[in-house]
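Here is the file start.pdb (PDB, C-alpha atoms).
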ATOM      1  CA  PRO A 684       3.397 -22.922   2.762
ATOM      2  CA  TYR A 685       6.037 -20.289   3.457
ATOM      3  CA  LEU A 686       6.345 -19.225  -0.181
ATOM      4  CA  LEU A 687       2.552 -19.316  -0.538
ATOM      5  CA  GLY A 688       2.347 -17.030   2.510
ATOM      6  CA  THR A 689       4.781 -14.672   0.803
ATOM      7  CA  GLY A 690       2.479 -14.720  -2.208
ATOM      8  CA  VAL A 691      -0.532 -13.921  -0.021
ATOM      9  CA  TYR A 692       1.376 -10.985   1.470
ATOM     10  CA  VAL A 693       2.052  -9.701  -2.065
ATOM     11  CA  VAL A 694      -1.621 -10.144  -3.038
ATOM     12  CA  LEU A 695      -2.625  -8.005  -0.068
ATOM     13  CA  ILE A 696      -0.134  -5.304  -1.072
ATOM     14  CA  ALA A 697      -1.593  -5.273  -4.572
ATOM     15  CA  VAL A 698      -5.202  -5.192  -3.358
ATOM     16  CA  SER A 699      -4.519  -2.246  -1.052
ATOM     17  CA  SER A 700      -2.619  -0.361  -3.766
ATOM     18  CA  THR A 701      -5.382  -0.946  -6.306
ATOM     19  CA  LEU A 702      -8.087   0.205  -3.887
ATOM     20  CA  LEU A 703      -6.083   3.338  -3.166
ATOM     21  CA  TYR A 704      -5.552   3.963  -6.880
ATOM     22  CA  PHE A 705      -9.285   3.715  -7.624
ATOM     23  CA  THR A 706     -10.059   5.966  -4.666
ATOM     24  CA  GLN A 707      -7.678   8.557  -6.060
ATOM     25  CA  ALA A 708      -9.165   8.223  -9.535
ATOM     26  CA  ARG A 709     -12.700   8.698  -8.187
ATOM     27  CA  ILE A 710     -11.786  11.773  -6.131
ATOM     28  CA  VAL A 711      -9.900  13.350  -9.035
ATOM     29  CA  SER A 712     -12.660  12.635 -11.561
ATOM     30  CA  ASP A 713     -15.331  14.010  -9.207
ATOM     31  CA  ALA A 714     -13.639  17.403  -9.371
ATOM     32  CA  ALA A 715     -13.223  17.890 -13.116
ATOM     33  CA  GLU A 716     -12.990  21.689 -12.822
ATOM     34  CA  GLU A 717      -9.842  21.365 -10.728
ATOM     35  CA  LEU A 718      -8.391  18.426 -12.655
ATOM     36  CA  GLU A 719      -5.344  20.191 -14.083
ATOM     37  CA  ARG A 720      -4.345  21.615 -10.704
ATOM     38  CA  ARG A 721      -4.787  18.228  -9.023
ATOM     39  CA  VAL A 722      -2.771  16.388 -11.669
ATOM     40  CA  ALA A 723       0.029  18.931 -11.256
ATOM     41  CA  LEU A 724      -0.145  18.532  -7.488
ATOM     42  CA  PHE A 725       0.022  14.723  -7.776
ATOM     43  CA  ALA A 726       3.106  15.071  -9.982
ATOM     44  CA  GLN A 727       4.788  17.300  -7.412
ATOM     45  CA  LEU A 728       3.773  14.989  -4.564
ATOM     46  CA  ASP A 729       5.199  12.063  -6.498
ATOM     47  CA  LEU A 730       8.560  13.831  -6.757
ATOM     48  CA  TRP A 731       8.614  14.398  -2.986
ATOM     49  CA  ARG A 732       7.516  10.801  -2.336
ATOM     50  CA  GLN A 733      10.360   9.477  -4.456
ATOM     51  CA  ALA A 734      12.886  11.579  -2.546
ATOM     52  CA  GLY A 735      11.371  10.493   0.766
ATOM     53  CA  MET A 736      11.419   6.833  -0.228
ATOM     54  CA  LEU A 737      15.082   7.031  -1.195
ATOM     55  CA  ALA A 738      15.952   8.654   2.134
ATOM     56  CA  ALA A 739      13.890   6.080   4.033
ATOM     57  CA  GLN A 740      15.527   3.171   2.231
ATOM     58  CA  LEU A 741      18.971   4.582   2.896
ATOM     59  CA  PHE A 742      18.535   5.631   6.515
ATOM     60  CA  ILE A 743      15.411   4.146   8.124
ATOM     61  CA  THR A 744      14.418   0.701   6.838
ATOM     62  CA  ASN A 745      17.480  -1.205   8.029
ATOM     63  CA  ARG A 746      17.289   0.403  11.470
ATOM     64  CA  LEU A 747      13.545  -0.221  11.673
ATOM     65  CA  ILE A 748      14.009  -3.936  10.962
ATOM     66  CA  ARG A 749      16.705  -4.170  13.626
ATOM     67  CA  TRP A 750      14.679  -2.160  16.134
ATOM     68  CA  ILE A 751      11.206  -3.776  15.862
ATOM     69  CA  GLY A 752      12.009  -6.983  13.970
ATOM     70  CA  LEU A 753      11.075  -8.373  10.583
ATOM     71  CA  GLY A 754       7.475  -9.324  11.420
ATOM     72  CA  ARG A 755       6.543  -5.974  12.900
ATOM     73  CA  THR A 756       8.217  -4.200  10.002
ATOM     74  CA  LEU A 757       6.060  -6.270   7.634
ATOM     75  CA  ALA A 758       3.049  -5.081   9.680
ATOM     76  CA  VAL A 759       3.766  -1.368   9.100
ATOM     77  CA  LEU A 760       2.121  -1.184   5.656
ATOM     78  CA  PRO A 761      -1.109  -2.965   6.654
ATOM     79  CA  ILE A 762      -1.475  -0.684   9.666
ATOM     80  CA  VAL A 763      -0.859   2.424   7.544
ATOM     81  CA  THR A 764      -3.403   1.124   5.004
ATOM     82  CA  ALA A 765      -6.152   0.511   7.559
ATOM     83  CA  ALA A 766      -5.519   3.828   9.309
ATOM     84  CA  GLY A 767      -5.365   5.744   6.028
ATOM     85  CA  PHE A 768      -8.642   4.366   4.686
ATOM     86  CA  GLY A 769     -10.249   4.938   8.082
ATOM     87  CA  VAL A 770      -9.172   8.584   8.267
ATOM     88  CA  LEU A 771     -10.131   9.141   4.628
ATOM     89  CA  ALA A 772     -13.622   7.688   5.127
ATOM     90  CA  TRP A 773     -14.072   9.603   8.392
ATOM     91  CA  THR A 774     -13.017  12.877   6.738
ATOM     92  CA  ALA A 775     -15.207  12.363   3.674
ATOM     93  CA  GLY A 776     -18.206  11.459   5.847
ATOM     94  CA  ARG A 777     -18.077  14.545   8.045
ATOM     95  CA  PRO A 778     -20.639  17.247   7.316
ATOM     96  CA  GLY A 779     -19.235  20.470   5.907
ATOM     97  CA  VAL A 780     -15.975  18.947   4.705
ATOM     98  CA  GLU A 781     -14.922  20.384   1.373
ATOM     99  CA  ALA A 782     -13.423  18.456  -1.547
ATOM    100  CA  TRP A 783      -9.986  20.017  -1.092
ATOM    101  CA  GLN A 784      -9.852  18.678   2.473
ATOM    102  CA  VAL A 785     -10.660  15.145   1.347
ATOM    103  CA  PHE A 786      -8.078  15.536  -1.390
ATOM    104  CA  GLY A 787      -5.472  16.649   1.160
ATOM    105  CA  VAL A 788      -6.135  13.587   3.312
ATOM    106  CA  LEU A 789      -5.928  11.382   0.214
ATOM    107  CA  ALA A 790      -2.609  12.932  -0.809
ATOM    108  CA  ALA A 791      -1.137  12.400   2.667
ATOM    109  CA  PHE A 792      -2.454   8.828   2.809
ATOM    110  CA  GLN A 793      -1.129   8.029  -0.629
ATOM    111  CA  ALA A 794       2.296   9.446   0.270
ATOM    112  CA  ALA A 795       2.452   7.391   3.462
ATOM    113  CA  HIS A 796       1.219   4.240   1.693
ATOM    114  CA  ARG A 797       3.716   4.496  -1.153
ATOM    115  CA  ALA A 798       6.583   5.362   1.157
ATOM    116  CA  CYS A 799       5.803   2.353   3.348
ATOM    117  CA  ARG A 800       5.221   0.117   0.348
ATOM    118  CA  TYR A 801       8.464   0.878  -1.472
ATOM    119  CA  ALA A 802      10.802   1.955   1.320
ATOM    120  CA  VAL A 803       9.731  -0.466   4.059
ATOM    121  CA  ALA A 804       7.566  -3.358   2.829
ATOM    122  CA  ARG A 805       9.419  -4.076  -0.415
ATOM    123  CA  PRO A 806      12.928  -4.438   1.059
ATOM    124  CA  THR A 807      11.532  -6.333   4.041
ATOM    125  CA  ARG A 808       9.566  -8.660   1.766
ATOM    126  CA  GLU A 809      12.714  -9.346  -0.260
ATOM    127  CA  MET A 810      14.393 -10.473   2.954
ATOM    128  CA  LEU A 811      11.802 -13.251   3.246
ATOM    129  CA  PHE A 812      13.480 -15.049   0.356
ATOM    130  CA  SER A 813      16.770 -15.282   2.262
ATOM    131  CA  VAL A 814      15.582 -18.315   4.259
ATOM    132  CA  VAL A 815      14.782 -20.549   1.273
ATOM    133  CA  SER A 816      17.206 -22.286  -1.046
ATOM    134  CA  ASP A 817      18.353 -20.535  -4.202
ATOM    135  CA  ALA A 818      16.424 -23.047  -6.317
ATOM    136  CA  GLU A 819      13.190 -22.393  -4.411
ATOM    137  CA  LYS A 820      13.748 -18.650  -4.513
ATOM    138  CA  TYR A 821      14.371 -18.467  -8.249
ATOM    139  CA  LYS A 822      11.409 -20.729  -9.012
ATOM    140  CA  ALA A 823       8.988 -18.952  -6.679
ATOM    141  CA  LYS A 824      10.010 -15.309  -7.060
ATOM    142  CA  PRO A 825       8.689 -14.812 -10.626
ATOM    143  CA  ILE A 826       5.394 -16.417  -9.658
ATOM    144  CA  VAL A 827       5.091 -14.286  -6.525
ATOM    145  CA  ASP A 828       6.161 -11.070  -8.225
ATOM    146  CA  LEU A 829       4.046 -11.546 -11.346
ATOM    147  CA  PHE A 830       1.161 -13.942 -10.796
ATOM    148  CA  PHE A 831       0.321 -13.046  -7.202
ATOM    149  CA  PHE A 832       0.854  -9.311  -7.697
ATOM    150  CA  ARG A 833      -1.255  -9.103 -10.869
ATOM    151  CA  GLY A 834      -3.834 -11.403  -9.296
ATOM    152  CA  GLY A 835      -3.999  -8.996  -6.375
ATOM    153  CA  ASP A 836      -4.500  -6.105  -8.801
ATOM    154  CA  ALA A 837      -7.405  -7.944 -10.404
ATOM    155  CA  ALA A 838      -8.866  -8.845  -7.006
ATOM    156  CA  GLY A 839      -8.564  -5.227  -5.844
ATOM    157  CA  ALA A 840     -10.344  -4.003  -8.983
ATOM    158  CA  GLY A 841     -13.117  -6.537  -8.383
ATOM    159  CA  VAL A 842     -13.492  -5.519  -4.749
ATOM    160  CA  GLU A 843     -13.612  -1.835  -5.688
ATOM    161  CA  LYS A 844     -16.213  -2.501  -8.391
ATOM    162  CA  ALA A 845     -18.376  -4.496  -5.969
ATOM    163  CA  LEU A 846     -18.127  -1.809  -3.286
ATOM    164  CA  ALA A 847     -18.898   0.985  -5.743
ATOM    165  CA  GLY A 848     -21.821  -1.032  -7.153
ATOM    166  CA  ALA A 849     -23.208  -1.425  -3.654
ATOM    167  CA  GLY A 850     -22.845   2.325  -3.044
ATOM    168  CA  LEU A 851     -20.160   1.792  -0.402
ATOM    169  CA  ALA A 852     -17.309   3.589  -2.119
ATOM    170  CA  LEU A 853     -15.121   5.232   0.541
ATOM    171  CA  GLY A 854     -16.801   3.920   3.667
ATOM    172  CA  GLY A 855     -16.910   0.414   2.219
ATOM    173  CA  MET A 856     -13.203   0.520   1.455
ATOM    174  CA  ALA A 857     -12.488   1.589   5.023
ATOM    175  CA  LEU A 858     -14.632  -1.278   6.329
ATOM    176  CA  MET A 859     -12.858  -3.673   3.963
ATOM    177  CA  ALA A 860      -9.405  -2.369   4.909
ATOM    178  CA  ALA A 861      -9.689  -3.165   8.621
ATOM    179  CA  PRO A 862     -10.131  -6.970   8.437
ATOM    180  CA  LEU A 863      -7.851  -7.125   5.397
ATOM    181  CA  ALA A 864      -5.127  -5.342   7.363
ATOM    182  CA  GLY A 865      -5.657  -7.642  10.345
ATOM    183  CA  GLU A 866      -5.106 -10.722   8.187
ATOM    184  CA  TRP A 867      -2.217  -9.009   6.461
ATOM    185  CA  VAL A 868      -0.498  -8.305   9.808
ATOM    186  CA  LEU A 869      -0.948 -11.939  10.833
ATOM    187  CA  VAL A 870       0.564 -13.158   7.557
ATOM    188  CA  GLY A 871       3.555 -10.841   8.013
ATOM    189  CA  LEU A 872       4.121 -11.961  11.598
ATOM    190  CA  TRP A 873       3.814 -15.628  10.582
ATOM    191  CA  LEU A 874       6.302 -15.186   7.738
ATOM    192  CA  ALA A 875       8.852 -13.653  10.097
ATOM    193  CA  SER A 876       8.496 -16.330  12.761
TER
END

How would this structure read if it were set down as structure tokens?
Amino acid sequence: PYLLGTGVYVVLIAVSSTLLYFTQARIVSDAAEELERRVALFAQLDLWRQAGMLAAQLFITNRLIRWIGLGRTLAVLPIVTAAGFGVLAWTAGRPGVEAWQVFGVLAAFQAAHRACRYAVARPTREMLFSVVSDAEKYKAKPIVDLFFFRGGDAAGAGVEKALAGAGLALGGMALMAAPLAGEWVLVGLWLAS
């Protein structure tokens, strides 16, 4: 059950990342006239995210785990995901909001999500394997890292397609993110207990 829970945690990471990716793709494709500028901006943001993630892994993650504990550290990414989708949907739904403002919120959300995913959740998730035997770890890790992660990608794509088909693009993702994040937090807390 513990290793299955770790797999569920990974599925939820993949689903949230896939939903965010499709949201980005939709926002970028909706503004074709500004596509080149936005692609260049995403490239520059990616450079800054990488630098920020390295700094966070070196100086923050270890202290964060010691300060708030493993379970709460595992809960950081789900909380960032729910809050990010909520703010993005709220911003996009406000009257008079321009595309560049929605794009700015998306860029900030994506930066926070990736930083939390790679600098906080990934190292913390790897620590979960320290409580199982080496045999269990080396048998389960490829399944968790490949099967569960790719399954989560596929599930995220299916969820996004269903939401878009129902006309619930951004608002639907925000509504989906809240209960998903709640379950995700509970899984993280259970894994750390």

With distances taken over all atoms listed in the file, which of A:Ala791, A:Ala758, A:Ile696, A:Ile748 is nearest to Trp873 (chain A)?
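That would be A:Ala758, the residue with the smallest distance to Trp873 (chain A).
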
Restricting the calculation to only C-alpha atoms: of A:Val693, A:Thr807, A:Val698, A:Trp783, which residue gets closest to Ile743 (chain A)?
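Answer, going by the shortest atom-to-atom distance: A:Thr807.
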
As an exercise, work out the distance from CA of Gly871 (chain A) to CA of Leu753 (chain A) in Å and give it to one decimal place.
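The value is 8.3 Å.
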
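Using all atoms listed in the file, the shortest contact distance between Ala837 (chain A) and any of A:Ala823, A:Leu741, A:Leu687, A:Leu702 is found at A:Leu702.
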
The PyMOL selection byres ((chain A and resi 876) around 12) resolved against shown file, as number ranges by chain:
A: 685, 688, 752-755, 757, 811, 814, 869-875

Just checking: using only C-alpha atoms, which residue out of A:Gly787, A:Gly841, A:Gly854, A:Pro806 ends up closest to Thr756 (chain A)?
A:Pro806

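Once Gly767 (chain A) and its same-chain neighbours fewer than 4 positions away are set aside, Val763, Leu771 and Phe792 of chain A remain within 8 Å of it when counting all atoms listed in the file.
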
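For the pair CA of Ala804 (chain A) and CA of Pro862 (chain A), the separation is 18.9 Å.
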